[in-house]
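Student: Just one file: entry07.pdb, with PDB, C-alpha atoms.
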MODEL        1
ATOM      1  CA  MET A   1     -19.252   3.070  27.816
ATOM      2  CA  SER A   2     -16.304   0.693  28.104
ATOM      3  CA  ASP A   3     -18.414  -1.886  29.928
ATOM      4  CA  PRO A   4     -18.159  -5.143  27.916
ATOM      5  CA  ALA A   5     -21.589  -6.300  29.081
ATOM      6  CA  TRP A   6     -23.167  -3.065  27.837
ATOM      7  CA  ARG A   7     -21.409  -3.409  24.462
ATOM      8  CA  ALA A   8     -22.581  -7.000  24.145
ATOM      9  CA  ARG A   9     -26.199  -6.007  24.895
ATOM     10  CA  PHE A  10     -25.997  -3.097  22.460
ATOM     11  CA  LEU A  11     -24.539  -5.196  19.638
ATOM     12  CA  THR A  12     -26.923  -8.086  20.335
ATOM     13  CA  ALA A  13     -29.881  -5.709  20.128
ATOM     14  CA  GLY A  14     -28.605  -4.418  16.776
ATOM     15  CA  LEU A  15     -28.092  -7.911  15.394
ATOM     16  CA  ASP A  16     -31.533  -8.984  16.606
ATOM     17  CA  ALA A  17     -33.066  -5.934  14.895
ATOM     18  CA  ASP A  18     -31.223  -6.767  11.653
ATOM     19  CA  ILE A  19     -32.437 -10.375  11.808
ATOM     20  CA  ASP A  20     -36.023  -9.312  12.536
ATOM     21  CA  PHE A  21     -35.972  -6.841   9.644
ATOM     22  CA  HIS A  22     -34.481  -9.392   7.247
ATOM     23  CA  LEU A  23     -36.930 -12.141   8.132
ATOM     24  CA  GLY A  24     -39.900  -9.764   8.354
ATOM     25  CA  SER A  25     -39.140  -8.356   4.898
ATOM     26  CA  GLY A  26     -39.345 -11.757   3.275
ATOM     27  CA  LEU A  27     -35.746 -11.646   2.060
ATOM     28  CA  PRO A  28     -34.114 -14.975   1.226
ATOM     29  CA  GLY A  29     -32.374 -16.883   3.963
ATOM     30  CA  ASP A  30     -32.950 -17.678   7.571
ATOM     31  CA  ARG A  31     -31.566 -16.507  10.897
ATOM     32  CA  THR A  32     -28.351 -18.470  10.436
ATOM     33  CA  GLY A  33     -27.757 -16.886   7.045
ATOM     34  CA  VAL A  34     -28.163 -13.388   8.434
ATOM     35  CA  VAL A  35     -25.791 -14.201  11.287
ATOM     36  CA  ARG A  36     -23.234 -15.450   8.733
ATOM     37  CA  LEU A  37     -23.449 -12.189   6.813
ATOM     38  CA  TYR A  38     -23.132 -10.085   9.969
ATOM     39  CA  PRO A  39     -19.331 -10.370  10.388
ATOM     40  CA  ALA A  40     -18.579 -10.736   6.676
ATOM     41  CA  MET A  41     -20.199  -7.632   5.203
ATOM     42  CA  PRO A  42     -18.547  -4.967   7.401
ATOM     43  CA  GLY A  43     -15.101  -6.315   6.559
ATOM     44  CA  LEU A  44     -15.817  -6.165   2.858
ATOM     45  CA  ILE A  45     -17.267  -2.655   3.148
ATOM     46  CA  VAL A  46     -14.329  -1.370   5.225
ATOM     47  CA  ASP A  47     -11.852  -2.785   2.703
ATOM     48  CA  GLU A  48     -13.750  -1.198  -0.180
ATOM     49  CA  LEU A  49     -13.850   2.197   1.541
ATOM     50  CA  THR A  50     -10.302   2.277   2.897
ATOM     51  CA  VAL A  51      -8.212   0.263   0.428
ATOM     52  CA  PRO A  52     -10.237  -0.145  -2.767
ATOM     53  CA  GLU A  53      -7.128  -1.333  -4.612
ATOM     54  CA  LEU A  54      -7.119  -4.472  -2.454
ATOM     55  CA  LEU A  55     -10.051  -5.942  -4.326
ATOM     56  CA  ALA A  56      -9.717  -3.868  -7.505
ATOM     57  CA  GLN A  57      -9.720  -6.881  -9.817
ATOM     58  CA  ASP A  58     -13.103  -7.946  -8.445
ATOM     59  CA  ARG A  59     -16.179  -5.767  -8.706
ATOM     60  CA  PHE A  60     -17.566  -4.902  -5.270
ATOM     61  CA  GLU A  61     -21.109  -5.723  -6.370
ATOM     62  CA  ALA A  62     -20.013  -9.133  -7.669
ATOM     63  CA  LEU A  63     -18.319  -9.915  -4.360
ATOM     64  CA  VAL A  64     -21.435  -8.937  -2.415
ATOM     65  CA  ASP A  65     -23.625 -11.016  -4.741
ATOM     66  CA  ALA A  66     -21.356 -14.047  -4.339
ATOM     67  CA  MET A  67     -21.291 -13.662  -0.560
ATOM     68  CA  VAL A  68     -25.070 -13.403  -0.324
ATOM     69  CA  THR A  69     -25.624 -16.310  -2.705
ATOM     70  CA  ARG A  70     -23.258 -18.560  -0.779
ATOM     71  CA  LEU A  71     -24.354 -17.588   2.720
ATOM     72  CA  LEU A  72     -28.120 -17.318   2.317
ATOM     73  CA  ARG A  73     -30.329 -20.215   1.397
ATOM     74  CA  ARG A  74     -33.113 -19.511  -1.041
TER      75      ARG A  74
ENDMDL
END
Show me this structure written as structure tokens.
Tutor:
Amino acid sequence: MSDPAWRARFLTAGLDADIDFHLGSGLPGDRTGVVRLYPAMPGLIVDELTVPELLAQDRFEALVDAMVTRLLRR
């Protein structure tokens, strides 16, 4: 499974499914907003799970709320 083309198709299918779910659920934002969140959220989650002290002065929920508010149009 080290084929870059396969990985790209797999990840594209996942992103497309996330976008379809988001838009189909009536959540705020458009396709561009979801694509903006796509690379940002995993980094924040990984940091919170592996080095919670890194962002200890900021509440995780507050960071997620700020990210969503700034990246998604209402």
Student: How would you write, as a list in words, the residues chosen by the PyMOL selection byres ((chain A and resi 22-30) around 10) on this structure?
Tutor: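 Selection result, ordered by chain and number: Asp16, Ala17, Asp18, Ile19, Asp20, Phe21, Arg31, Thr32, Gly33, Val34, Val35, Val68, Thr69, Leu71, Leu72, Arg73 and Arg74 of chain A.
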Student: How many Å separate atom CA of Val64 of chain A from atom CA of Leu37 of chain A?
Tutor: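 Pair atom CA of Val64 of chain A / atom CA of Leu37 of chain A returns 10.0 Å.
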Student: One decimal, in Å: what's the spacing between atom CA of Phe60 of chain A and atom CA of Arg36 of chain A?
Tutor: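 Atom-to-atom, atom CA of Phe60 of chain A and atom CA of Arg36 of chain A are spaced 18.4 Å apart.
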Student: Rounded to one decimal place, report the atom CA of Tyr38 of chain A-atom CA of Trp6 of chain A distance in Å.
Tutor: 19.2 Å
Student: Starting from 6 Å padding per side, set up an axis-aligned box that covers all listed atoms of segment 48-52 of chain A and hand over centre and edge lengths in Å, one decimal, as lines of an AutoDock Vina configuration file.
Tutor:
center_x = -11.0
center_y = 0.5
center_z = 0.1
size_x = 17.6
size_y = 15.5
size_z = 17.7
Student: So that I can look at just that part, could you write segment 48-60 of chain A with all heavy atoms, as a PDB file, in the first residue's frame?
Tutor:
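Contents of the output file decode07.pdb:
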ATOM      1  N   GLU A  48      -3.098  17.604  21.425  1.00  0.00           N
ATOM      2  CA  GLU A  48      -3.850  17.426  22.666  1.00  0.00           C
ATOM      3  C   GLU A  48      -3.655  16.024  23.240  1.00  0.00           C
ATOM      4  O   GLU A  48      -3.534  15.852  24.454  1.00  0.00           O
ATOM      5  CB  GLU A  48      -5.337  17.696  22.415  1.00  0.00           C
ATOM      6  CG  GLU A  48      -6.216  17.517  23.624  1.00  0.00           C
ATOM      7  CD  GLU A  48      -5.975  18.519  24.741  1.00  0.00           C
ATOM      8  OE1 GLU A  48      -5.348  19.564  24.521  1.00  0.00           O
ATOM      9  OE2 GLU A  48      -6.434  18.238  25.872  1.00  0.00           O
ATOM     10  N   LEU A  49      -3.591  15.023  22.384  1.00  0.00           N
ATOM     11  CA  LEU A  49      -3.447  13.644  22.853  1.00  0.00           C
ATOM     12  C   LEU A  49      -2.019  13.288  23.254  1.00  0.00           C
ATOM     13  O   LEU A  49      -1.816  12.484  24.157  1.00  0.00           O
ATOM     14  CB  LEU A  49      -3.925  12.667  21.771  1.00  0.00           C
ATOM     15  CG  LEU A  49      -5.416  12.685  21.467  1.00  0.00           C
ATOM     16  CD1 LEU A  49      -5.723  11.783  20.285  1.00  0.00           C
ATOM     17  CD2 LEU A  49      -6.225  12.267  22.685  1.00  0.00           C
ATOM     18  N   THR A  50      -1.039  13.867  22.576  1.00  0.00           N
ATOM     19  CA  THR A  50       0.347  13.453  22.817  1.00  0.00           C
ATOM     20  C   THR A  50       1.120  14.386  23.734  1.00  0.00           C
ATOM     21  O   THR A  50       2.003  13.932  24.467  1.00  0.00           O
ATOM     22  CB  THR A  50       1.105  13.303  21.491  1.00  0.00           C
ATOM     23  OG1 THR A  50       1.090  14.548  20.796  1.00  0.00           O
ATOM     24  CG2 THR A  50       0.488  12.214  20.625  1.00  0.00           C
ATOM     25  N   VAL A  51       0.839  15.674  23.672  1.00  0.00           N
ATOM     26  CA  VAL A  51       1.555  16.651  24.498  1.00  0.00           C
ATOM     27  C   VAL A  51       0.546  17.683  25.014  1.00  0.00           C
ATOM     28  O   VAL A  51       0.571  18.847  24.620  1.00  0.00           O
ATOM     29  CB  VAL A  51       2.667  17.363  23.683  1.00  0.00           C
ATOM     30  CG1 VAL A  51       3.560  18.179  24.614  1.00  0.00           C
ATOM     31  CG2 VAL A  51       3.473  16.393  22.862  1.00  0.00           C
ATOM     32  N   PRO A  52      -0.347  17.279  25.888  1.00  0.00           N
ATOM     33  CA  PRO A  52      -1.394  18.194  26.342  1.00  0.00           C
ATOM     34  C   PRO A  52      -0.844  19.447  27.026  1.00  0.00           C
ATOM     35  O   PRO A  52      -1.491  20.491  27.024  1.00  0.00           O
ATOM     36  CB  PRO A  52      -2.234  17.356  27.308  1.00  0.00           C
ATOM     37  CG  PRO A  52      -1.421  16.164  27.626  1.00  0.00           C
ATOM     38  CD  PRO A  52      -0.446  15.968  26.508  1.00  0.00           C
ATOM     39  N   GLU A  53       0.369  19.367  27.553  1.00  0.00           N
ATOM     40  CA  GLU A  53       0.966  20.526  28.208  1.00  0.00           C
ATOM     41  C   GLU A  53       1.255  21.651  27.216  1.00  0.00           C
ATOM     42  O   GLU A  53       1.353  22.819  27.594  1.00  0.00           O
ATOM     43  CB  GLU A  53       2.276  20.141  28.914  1.00  0.00           C
ATOM     44  CG  GLU A  53       2.111  19.080  29.977  1.00  0.00           C
ATOM     45  CD  GLU A  53       2.099  17.661  29.408  1.00  0.00           C
ATOM     46  OE1 GLU A  53       2.483  17.462  28.243  1.00  0.00           O
ATOM     47  OE2 GLU A  53       1.683  16.758  30.141  1.00  0.00           O
ATOM     48  N   LEU A  54       1.407  21.303  25.946  1.00  0.00           N
ATOM     49  CA  LEU A  54       1.736  22.283  24.917  1.00  0.00           C
ATOM     50  C   LEU A  54       0.702  23.405  24.858  1.00  0.00           C
ATOM     51  O   LEU A  54       1.051  24.571  24.724  1.00  0.00           O
ATOM     52  CB  LEU A  54       1.845  21.591  23.551  1.00  0.00           C
ATOM     53  CG  LEU A  54       2.197  22.473  22.370  1.00  0.00           C
ATOM     54  CD1 LEU A  54       3.607  23.024  22.523  1.00  0.00           C
ATOM     55  CD2 LEU A  54       2.082  21.674  21.076  1.00  0.00           C
ATOM     56  N   LEU A  55      -0.534  23.037  24.970  1.00  0.00           N
ATOM     57  CA  LEU A  55      -1.618  24.017  24.890  1.00  0.00           C
ATOM     58  C   LEU A  55      -2.390  24.106  26.208  1.00  0.00           C
ATOM     59  O   LEU A  55      -3.566  24.446  26.230  1.00  0.00           O
ATOM     60  CB  LEU A  55      -2.565  23.649  23.749  1.00  0.00           C
ATOM     61  CG  LEU A  55      -1.907  23.541  22.369  1.00  0.00           C
ATOM     62  CD1 LEU A  55      -2.873  22.961  21.356  1.00  0.00           C
ATOM     63  CD2 LEU A  55      -1.381  24.883  21.921  1.00  0.00           C
ATOM     64  N   ALA A  56      -1.716  23.804  27.306  1.00  0.00           N
ATOM     65  CA  ALA A  56      -2.378  23.714  28.611  1.00  0.00           C
ATOM     66  C   ALA A  56      -3.051  25.015  29.022  1.00  0.00           C
ATOM     67  O   ALA A  56      -4.086  24.992  29.681  1.00  0.00           O
ATOM     68  CB  ALA A  56      -1.373  23.285  29.677  1.00  0.00           C
ATOM     69  N   GLN A  57      -2.476  26.155  28.644  1.00  0.00           N
ATOM     70  CA  GLN A  57      -3.079  27.419  29.066  1.00  0.00           C
ATOM     71  C   GLN A  57      -4.363  27.728  28.314  1.00  0.00           C
ATOM     72  O   GLN A  57      -5.131  28.589  28.718  1.00  0.00           O
ATOM     73  CB  GLN A  57      -2.094  28.564  28.914  1.00  0.00           C
ATOM     74  CG  GLN A  57      -1.742  28.882  27.480  1.00  0.00           C
ATOM     75  CD  GLN A  57      -0.660  29.954  27.396  1.00  0.00           C
ATOM     76  OE1 GLN A  57       0.026  30.236  28.368  1.00  0.00           O
ATOM     77  NE2 GLN A  57      -0.526  30.544  26.245  1.00  0.00           N
ATOM     78  N   ASP A  58      -4.588  27.041  27.210  1.00  0.00           N
ATOM     79  CA  ASP A  58      -5.808  27.239  26.425  1.00  0.00           C
ATOM     80  C   ASP A  58      -6.663  25.985  26.524  1.00  0.00           C
ATOM     81  O   ASP A  58      -6.163  24.880  26.412  1.00  0.00           O
ATOM     82  CB  ASP A  58      -5.453  27.480  24.953  1.00  0.00           C
ATOM     83  CG  ASP A  58      -4.572  28.696  24.779  1.00  0.00           C
ATOM     84  OD1 ASP A  58      -5.035  29.789  25.117  1.00  0.00           O
ATOM     85  OD2 ASP A  58      -3.431  28.538  24.330  1.00  0.00           O
ATOM     86  N   ARG A  59      -7.949  26.172  26.749  1.00  0.00           N
ATOM     87  CA  ARG A  59      -8.842  25.014  26.786  1.00  0.00           C
ATOM     88  C   ARG A  59      -8.998  24.451  25.381  1.00  0.00           C
ATOM     89  O   ARG A  59      -9.170  25.197  24.414  1.00  0.00           O
ATOM     90  CB  ARG A  59     -10.222  25.409  27.318  1.00  0.00           C
ATOM     91  CG  ARG A  59     -10.264  25.671  28.789  1.00  0.00           C
ATOM     92  CD  ARG A  59     -11.676  25.915  29.314  1.00  0.00           C
ATOM     93  NE  ARG A  59     -12.543  26.641  28.399  1.00  0.00           N
ATOM     94  CZ  ARG A  59     -13.595  26.089  27.737  1.00  0.00           C
ATOM     95  NH1 ARG A  59     -13.915  24.843  27.921  1.00  0.00           N
ATOM     96  NH2 ARG A  59     -14.333  26.818  26.929  1.00  0.00           N
ATOM     97  N   PHE A  60      -8.932  23.145  25.251  1.00  0.00           N
ATOM     98  CA  PHE A  60      -9.048  22.476  23.959  1.00  0.00           C
ATOM     99  C   PHE A  60     -10.348  22.872  23.265  1.00  0.00           C
ATOM    100  O   PHE A  60     -10.353  23.216  22.083  1.00  0.00           O
ATOM    101  CB  PHE A  60      -8.979  20.955  24.158  1.00  0.00           C
ATOM    102  CG  PHE A  60      -9.105  20.173  22.896  1.00  0.00           C
ATOM    103  CD1 PHE A  60      -8.051  20.109  21.998  1.00  0.00           C
ATOM    104  CD2 PHE A  60     -10.273  19.497  22.583  1.00  0.00           C
ATOM    105  CE1 PHE A  60      -8.150  19.391  20.824  1.00  0.00           C
ATOM    106  CE2 PHE A  60     -10.387  18.780  21.413  1.00  0.00           C
ATOM    107  CZ  PHE A  60      -9.318  18.716  20.533  1.00  0.00           C
TER     108      PHE A  60
END
